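Trainee: Sharing structure_39.txt here; it has compact mmCIF, C-alpha atoms.
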# COMPACT_ATOMS: atom_id res chain seq x y z
CA MET A 17 3.19 6.28 -14.93
CA LEU A 18 0.30 3.88 -14.27
CA PHE A 19 -0.08 0.62 -16.17
CA ASN A 20 -3.70 -0.51 -15.67
CA ASN A 21 -4.51 -4.02 -16.88
CA SER A 22 -7.99 -5.58 -16.93
CA GLY A 23 -7.00 -8.68 -18.95
CA SER A 24 -3.88 -10.82 -19.08
CA VAL A 25 -0.34 -9.67 -19.77
CA GLN A 26 2.29 -12.37 -20.25
CA VAL A 27 6.00 -11.61 -20.29
CA THR A 28 8.13 -14.53 -21.44
CA GLY A 29 11.91 -14.36 -21.45
CA GLY A 30 14.06 -11.28 -21.07
CA THR A 31 13.85 -8.53 -18.48
CA LEU A 32 10.99 -6.46 -17.10
CA ASN A 33 12.04 -3.16 -15.49
CA GLN A 34 9.44 -1.37 -13.38
CA ASP A 35 11.41 1.71 -12.34
CA ALA A 36 8.61 4.11 -11.42
CA GLY A 37 4.85 4.33 -11.28
CA THR A 38 2.56 1.39 -10.53
CA LEU A 39 1.35 -1.83 -12.09
CA GLY A 40 -2.34 -2.33 -11.41
CA GLY A 41 -5.78 -3.33 -12.55
CA LEU A 42 -8.00 -6.39 -12.19
CA GLY A 43 -5.99 -8.49 -14.66
CA THR A 44 -3.15 -10.98 -14.42
CA LEU A 45 0.56 -10.37 -14.92
CA THR A 46 2.35 -13.64 -15.78
CA LEU A 47 6.15 -13.77 -15.69
CA GLY A 48 7.72 -16.83 -17.34
CA THR A 49 11.50 -17.18 -17.40
CA VAL A 50 11.87 -13.46 -16.73
CA THR A 51 14.11 -11.27 -14.62
CA ALA A 52 11.78 -8.63 -13.15
CA ASN A 53 13.29 -5.57 -11.46
CA PHE A 54 10.82 -3.79 -9.19
CA GLY A 55 12.10 -0.30 -8.45
CA THR A 56 8.97 0.49 -6.44
CA ALA A 57 6.69 -1.57 -4.24
CA PHE A 58 4.29 -4.10 -5.82
CA SER A 59 1.25 -5.71 -4.20
CA ASN A 60 -1.04 -8.33 -5.71
CA SER A 61 -4.03 -6.89 -3.82
CA VAL A 62 -5.69 -6.11 -7.17
CA THR A 63 -3.45 -7.48 -9.94
CA THR A 64 -2.82 -11.23 -9.89
CA LEU A 65 0.88 -12.10 -10.27
CA THR A 66 1.94 -15.51 -11.63
CA VAL A 67 5.65 -16.38 -11.53
CA ILE A 68 7.26 -19.40 -13.22
CA THR A 69 11.04 -19.95 -13.41
CA SER A 70 11.69 -16.25 -12.88
CA THR A 71 13.75 -13.93 -10.68
CA LEU A 72 12.12 -10.97 -8.92
CA ASN A 73 14.54 -8.25 -7.79
CA GLY A 74 14.04 -5.15 -5.61
CA PRO A 75 14.72 -2.72 -4.20
CA GLY A 76 10.91 -2.42 -4.11
CA THR A 77 9.02 -4.52 -1.56
CA LEU A 78 6.78 -7.28 -2.93
CA THR A 79 3.57 -7.95 -0.97
CA ASN A 80 1.27 -10.96 -1.19
CA ALA A 81 -1.92 -9.30 0.03
CA THR A 82 -4.47 -10.57 2.54
CA GLY A 83 -6.86 -13.04 0.94
CA ARG A 84 -4.61 -13.60 -2.10
CA THR A 85 -2.59 -16.65 -3.16
CA PHE A 86 0.85 -16.24 -4.72
CA THR A 87 2.60 -19.27 -6.24
CA LEU A 88 6.38 -19.14 -6.45
CA ASP A 89 7.18 -21.91 -8.96
CA ARG A 90 10.90 -22.64 -9.42
CA SER A 91 11.60 -18.94 -8.89
CA VAL A 92 13.65 -16.57 -6.74
CA ILE A 93 12.75 -13.38 -4.87
CA ASN A 94 15.72 -11.02 -4.30
CA ALA A 95 13.65 -8.31 -2.63
CA PRO A 96 11.88 -7.73 0.67
CA PHE A 97 8.76 -9.95 0.67
CA VAL A 98 5.72 -9.45 2.91
CA ASN A 99 3.34 -12.41 3.09
CA GLN A 100 -0.15 -11.43 4.23
CA GLY A 101 -1.98 -14.15 2.24
CA THR A 102 -1.07 -17.68 1.10
CA LEU A 103 2.36 -18.26 -0.40
CA ILE A 104 2.74 -21.57 -2.25
CA SER A 105 6.32 -22.56 -3.03
CA SER A 106 6.91 -25.32 -5.59
CA GLY A 107 9.99 -26.80 -7.19
CA GLY A 108 13.26 -25.23 -6.06
CA SER A 109 12.33 -21.69 -5.03
CA ALA A 110 14.10 -19.13 -2.83
CA ILE A 111 13.49 -15.91 -0.95
CA ASN A 112 16.77 -14.02 -0.57
CA GLY A 113 15.28 -10.76 0.68
CA LEU A 114 13.82 -10.07 4.13
CA LEU A 115 10.71 -12.26 4.66
CA THR A 116 7.89 -10.89 6.84
CA THR A 117 4.75 -12.83 7.78
CA VAL A 118 1.61 -11.56 9.50
CA PRO A 119 -1.10 -13.30 11.56
CA GLY A 120 -3.53 -15.08 9.23
CA SER A 121 -0.91 -15.74 6.53
CA MET A 122 0.24 -19.15 5.27
CA ILE A 123 3.45 -20.50 3.72
CA ARG A 124 2.74 -23.81 1.97
CA VAL A 125 5.75 -25.70 0.59
CA GLY A 126 4.81 -28.48 -1.82
CA GLN A 127 5.08 -29.63 -5.42
CA VAL A 128 2.25 -28.16 -7.54
CA GLU A 129 3.22 -28.68 -11.18
CA GLY A 130 4.66 -32.17 -10.98
CA CYS A 131 7.63 -31.40 -13.21
CA CYS A 132 10.65 -32.91 -11.68
CA ASN A 133 11.53 -31.62 -8.21
CA PRO A 134 10.21 -31.81 -4.67
CA GLY A 135 8.75 -28.63 -3.23
CA ASN A 136 11.73 -26.79 -1.73
CA LEU A 137 11.76 -23.27 -0.35
CA THR A 138 15.09 -21.79 0.76
CA VAL A 139 14.96 -18.59 2.82
CA ALA A 140 18.33 -16.83 3.06
CA THR A 141 17.83 -15.22 6.47
CA GLY A 142 15.96 -16.03 9.65
CA PHE A 143 12.36 -14.89 9.97
CA THR A 144 9.38 -15.10 12.32
CA ASN A 145 6.42 -17.27 11.40
CA ASN A 146 3.44 -15.36 12.79
CA ALA A 147 0.79 -17.69 11.39
CA ALA A 148 1.16 -21.06 9.60
CA ILE A 149 3.71 -23.06 7.65
CA GLU A 150 2.70 -26.32 5.93
CA LEU A 151 5.08 -28.86 4.42
CA THR A 152 2.97 -30.95 2.05
CA ASN A 153 2.50 -32.21 -1.51
CA LEU A 154 -0.04 -30.67 -3.87
CA PHE A 155 0.58 -32.96 -6.86
CA ALA A 156 -0.58 -36.53 -7.47
CA SER A 157 2.88 -38.09 -7.04
CA ALA A 158 4.81 -38.82 -3.86
CA TYR A 159 7.05 -35.75 -3.78
CA GLY A 160 8.78 -34.51 -0.64
CA SER A 161 8.90 -30.94 0.61
CA GLN A 162 11.53 -28.97 2.48
CA LEU A 163 11.85 -25.54 4.09
CA THR A 164 15.46 -24.44 4.57
CA VAL A 165 16.62 -21.32 6.43
CA THR A 166 20.30 -20.90 5.56
CA ALA A 167 21.28 -18.23 8.10
CA GLY A 168 19.70 -17.06 11.32
CA THR A 169 16.75 -18.51 13.21
CA LEU A 170 13.24 -19.47 12.18
CA THR A 171 11.07 -18.31 15.08
CA ASN A 172 7.68 -19.99 15.33
CA ALA A 173 5.82 -17.32 17.31
CA PRO A 174 3.26 -18.01 20.07
CA GLY A 175 0.02 -19.13 18.38
CA ALA A 176 1.82 -19.95 15.10
CA THR A 177 2.03 -23.47 13.63
CA ILE A 178 4.42 -25.56 11.55
CA THR A 179 2.65 -28.65 10.19
CA THR A 180 3.57 -31.61 8.02
CA LEU A 181 0.75 -33.00 5.89
CA GLY A 182 0.46 -36.10 3.72
CA GLY A 183 -0.91 -34.10 0.82
CA THR A 184 -2.60 -35.17 -2.41
CA ALA A 185 -0.38 -38.24 -2.81
CA PRO A 186 1.15 -39.23 0.53
CA GLY A 187 4.82 -40.07 0.45
CA GLY A 188 8.10 -38.24 0.24
CA LEU A 189 9.92 -36.65 3.14
CA ARG A 190 8.86 -33.48 4.94
CA THR A 191 11.99 -31.66 6.09
CA LEU A 192 12.54 -28.54 8.16
CA ALA A 193 16.22 -27.56 7.82
CA ALA A 194 16.53 -24.56 10.12
CA GLN A 195 17.68 -23.39 13.50
CA LEU A 196 14.27 -23.30 15.19
CA ASP A 197 13.01 -21.25 18.13
CA ASN A 198 9.62 -22.90 18.64
CA GLN A 199 7.25 -20.81 20.76
CA GLY A 200 4.14 -22.06 18.95
CA THR A 201 2.98 -25.50 17.77
CA LEU A 202 5.14 -27.90 15.82
Could you write out this structure as C-alpha cells?
Mentor:
Amino acid sequence: MLFNNSGSVQVTGGTLNQDAGTLGGLGTLTLGTVTANFGTAFSNSVTTLTVITSTLNGPGTLTNATGRTFTLDRSVINAPFVNQGTLISSGGSAINGLLTTVPGSMIRVGQVEGCCNPGNLTVATGFTNNAAIELTNLFASAYGSQLTVTAGTLTNAPGATITTLGGTAPGGLRTLAAQLDNQGTL
C-alpha cells in the first residue's frame, strides 16, 4: 500500500501503525503526542516529518535524508536512526535505537520552542560522529543544552567536530556527558 500525500496530514494523540507499504509524497506528516510504529523503513527525503512529544518505534529504520532538517521536540526514537541531514533536538528527547551519522550531517542540540526545558538529547548507546555536533540554544532565552550518551563511547571521528555555541540568547550550560574518544576537533 502507498499513502501519497501532497498536503498536510496531522495525527494528534493515539497510535499510528505503518505495518507495510510506504508513506510518501511532497506533503508534511505531523505527529503530535502520538506513538508511531514503523514496521518498514521511513525516510523524509520527500515527505517532511514533524514530531512533537511523540514516540517513534521500529523495527523499521528512520532516515533523516541529506539536505533535510528533522526536529525531535520532546520526543523519543526507539528505532534505528540514520542522520544524513540536520537533526535538531529540543526539550528532553532521546534516541534509544542505533544512531548512525554520515559525513556532512549535523546534530544540533538546543531549545527551539522555549517551553520549559533545556535542549537535552540522550542517546542510549555509543555512536560515531562522522560530521558535526553543536550544543547551542535556538530560542531567545538563556537555556542550556546537553548531549548524554548513557552506554558505550561517543567517537568523534577524524575530521568531525563537537562545538559549543552561545546561540540566540547566550547563557545556560553546554554539557557533553559521555565517554569520549576524540579523534577530531572538540
Trainee: For Thr179 (chain A), which residue out of A:Thr38, A:Thr201, A:Thr117, A:Thr49 is the nearest one, using all atoms listed in the file?
Mentor: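 Of all the options, A:Thr201 lies closest to Thr179 (chain A).
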Trainee: Let me make sure I understand: among A:Thr141, A:Asn133, A:Thr66, A:Ser61, which one has the smallest atom-to-atom distance to Val25 (chain A) if we use all atoms listed in the file?
Mentor: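 Under the stated criterion, the closest residue is A:Thr66.
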Trainee: Name the closest residue to Asn80 (chain A) among the candidates A:Thr64, A:Thr44, A:Gln127, A:Thr138; distances are taken between atoms, counting only C-alpha atoms.
Mentor: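 The closest residue to Asn80 (chain A) is A:Thr64.
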Trainee: Place a sphere of radius 7 Å on (4.0, -16.1, -0.4) in the file coordinates and name every protein, DNA or RNA residue with an atom inside or on its surface, counting all atoms listed in the file; give the answer as a PyMOL selection string.
Mentor: chain A and resi 80+86-87+99+101-104+123
Trainee: Between CA of Ile68 (chain A) and CA of Leu39 (chain A), what distance in Å does the model show, to one decimal?
Mentor: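 The value is 18.6 Å.
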Trainee: With all atoms listed in the file as the counted atoms, please give the residues lying no more than 7 Å from Asp89 (chain A), apart from itself and same-chain residues fewer than 5 positions off, as a PDB file with C-alpha atoms, in the coordinates of the input.
Mentor:
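Saved result, part.pdb, follows:
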ATOM      1  CA  VAL A  67       5.650 -16.380 -11.530  1.00  0.00           C
ATOM      2  CA  ILE A  68       7.260 -19.400 -13.220  1.00  0.00           C
ATOM      3  CA  THR A  69      11.040 -19.950 -13.410  1.00  0.00           C
ATOM      4  CA  SER A 105       6.320 -22.560  -3.030  1.00  0.00           C
ATOM      5  CA  SER A 106       6.910 -25.320  -5.590  1.00  0.00           C
ATOM      6  CA  GLY A 107       9.990 -26.800  -7.190  1.00  0.00           C
ATOM      7  CA  SER A 109      12.330 -21.690  -5.030  1.00  0.00           C
TER       8      SER A 109
END
Trainee: Within 12 Å of Asn146 (chain A), counting all atoms listed in the file, which residues qualify if same-chain residues fewer than 2 places away don't, as a VMD selection string?
Mentor: chain A and resid 98 to 101 115 to 123 143 to 144 148 to 149 170 to 178 198 to 201
Trainee: Could you dump the residues just selected with C-alpha atoms as a PDB file, keeping the file's coordinate frame?
Mentor:
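Full text of result-v7.pdb as output:
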ATOM      1  CA  VAL A  98       5.720  -9.450   2.910  1.00  0.00           C
ATOM      2  CA  ASN A  99       3.340 -12.410   3.090  1.00  0.00           C
ATOM      3  CA  GLN A 100      -0.150 -11.430   4.230  1.00  0.00           C
ATOM      4  CA  GLY A 101      -1.980 -14.150   2.240  1.00  0.00           C
ATOM      5  CA  LEU A 115      10.710 -12.260   4.660  1.00  0.00           C
ATOM      6  CA  THR A 116       7.890 -10.890   6.840  1.00  0.00           C
ATOM      7  CA  THR A 117       4.750 -12.830   7.780  1.00  0.00           C
ATOM      8  CA  VAL A 118       1.610 -11.560   9.500  1.00  0.00           C
ATOM      9  CA  PRO A 119      -1.100 -13.300  11.560  1.00  0.00           C
ATOM     10  CA  GLY A 120      -3.530 -15.080   9.230  1.00  0.00           C
ATOM     11  CA  SER A 121      -0.910 -15.740   6.530  1.00  0.00           C
ATOM     12  CA  MET A 122       0.240 -19.150   5.270  1.00  0.00           C
ATOM     13  CA  ILE A 123       3.450 -20.500   3.720  1.00  0.00           C
ATOM     14  CA  PHE A 143      12.360 -14.890   9.970  1.00  0.00           C
ATOM     15  CA  THR A 144       9.380 -15.100  12.320  1.00  0.00           C
ATOM     16  CA  ALA A 148       1.160 -21.060   9.600  1.00  0.00           C
ATOM     17  CA  ILE A 149       3.710 -23.060   7.650  1.00  0.00           C
ATOM     18  CA  LEU A 170      13.240 -19.470  12.180  1.00  0.00           C
ATOM     19  CA  THR A 171      11.070 -18.310  15.080  1.00  0.00           C
ATOM     20  CA  ASN A 172       7.680 -19.990  15.330  1.00  0.00           C
ATOM     21  CA  ALA A 173       5.820 -17.320  17.310  1.00  0.00           C
ATOM     22  CA  PRO A 174       3.260 -18.010  20.070  1.00  0.00           C
ATOM     23  CA  GLY A 175       0.020 -19.130  18.380  1.00  0.00           C
ATOM     24  CA  ALA A 176       1.820 -19.950  15.100  1.00  0.00           C
ATOM     25  CA  THR A 177       2.030 -23.470  13.630  1.00  0.00           C
ATOM     26  CA  ILE A 178       4.420 -25.560  11.550  1.00  0.00           C
ATOM     27  CA  ASN A 198       9.620 -22.900  18.640  1.00  0.00           C
ATOM     28  CA  GLN A 199       7.250 -20.810  20.760  1.00  0.00           C
ATOM     29  CA  GLY A 200       4.140 -22.060  18.950  1.00  0.00           C
ATOM     30  CA  THR A 201       2.980 -25.500  17.770  1.00  0.00           C
TER      31      THR A 201
END
Trainee: So, with all atoms listed in the file as the atoms that count, which of A:Thr180, A:Ser161, A:Asn153, A:Asn112 lies closest to Asn136 (chain A)?
Mentor: A:Ser161
Trainee: Scan for residues within 7 Å of the point (-8.6, -5.0, -9.1) in the coordinates of the file, using all atoms listed in the file, and reply as a ChimeraX atom specification.
Mentor: /A:41-42,62-63
Trainee: Please write the residues from the selection above to a file, keeping C-alpha atoms, as an mmCIF file, keeping the file's coordinate frame.
Mentor:
data_model
loop_
_atom_site.group_PDB
_atom_site.id
_atom_site.type_symbol
_atom_site.label_atom_id
_atom_site.label_comp_id
_atom_site.auth_asym_id
_atom_site.auth_seq_id
_atom_site.Cartn_x
_atom_site.Cartn_y
_atom_site.Cartn_z
ATOM 1 C CA GLY A 41 -5.780 -3.330 -12.550
ATOM 2 C CA LEU A 42 -8.000 -6.390 -12.190
ATOM 3 C CA VAL A 62 -5.690 -6.110 -7.170
ATOM 4 C CA THR A 63 -3.450 -7.480 -9.940
#
Trainee: Go ahead and compute the interatomic distance for CA of Gly40 (chain A) and CA of Thr56 (chain A), in Å to one decimal.
Mentor: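 Taking CA of Gly40 (chain A) and CA of Thr56 (chain A), their separation equals 12.7 Å.
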Trainee: Determine, for each residue of region 129-169 of chain A having at least one atom at most 10 Å from an atom of region 91-94 of chain A, the closest pair of atoms and their separation in Å to one decimal, counting all atoms listed in the file; order by chain and ascending number, as CSV.
Mentor:
residue,atom,partner,partner_atom,distance
A:Leu137,CA,A:Val92,CA,9.4
A:Thr138,CA,A:Val92,CA,9.3
A:Val139,CA,A:Ile93,CA,9.5
A:Ala140,CA,A:Asn94,CA,9.7
Trainee: Any chance you could work out the axis-aligned box around region 94-109 of chain A, listed atoms only, 4 Å on each side, giving centre and edge lengths in Å to one decimal, as JSON?
Mentor:
{"center_x": 6.9, "center_y": -17.3, "center_z": -1.5, "size_x": 25.7, "size_y": 27.1, "size_z": 19.4}
Trainee: Which residue out of A:Thr152, A:Gln195, A:Ser70, A:Asn33 has the minimum interatomic distance to Thr166 (chain A) when only C-alpha atoms are used?
Mentor: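 Of A:Thr152, A:Gln195, A:Ser70, A:Asn33, the one nearest Thr166 (chain A) is A:Gln195, counting only C-alpha atoms.
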Trainee: For Gly29 (chain A), work out the shell of residues within 8 Å, counting all atoms listed in the file and skipping chain neighbours fewer than 3 positions away, then give it as a PyMOL selection string.
Mentor: chain A and resi 48-51
Trainee: Just the residues within 7 Å of Ala193 (chain A), please, counting all atoms listed in the file, with nothing from its chain fewer than 2 positions along; format it as a list of chain:residue names.
Mentor: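 Contacts, in chain order: A:Leu163, A:Thr164, A:Val165, A:Thr191.
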Trainee: Expressed in Å to a single decimal, how great is the separation between CA of Ala95 (chain A) and CA of Gln34 (chain A)?
Mentor: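 For CA of Ala95 (chain A) relative to CA of Gln34 (chain A), the distance reads 13.5 Å.
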Trainee: Between A:Ala167, A:Leu151, A:Leu72, A:Ala158, which residue has the minimum interatomic distance to Arg190 (chain A), considering all atoms listed in the file?
Mentor: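 Once distances to Arg190 (chain A) are computed over all atoms listed in the file, the minimum belongs to A:Leu151.
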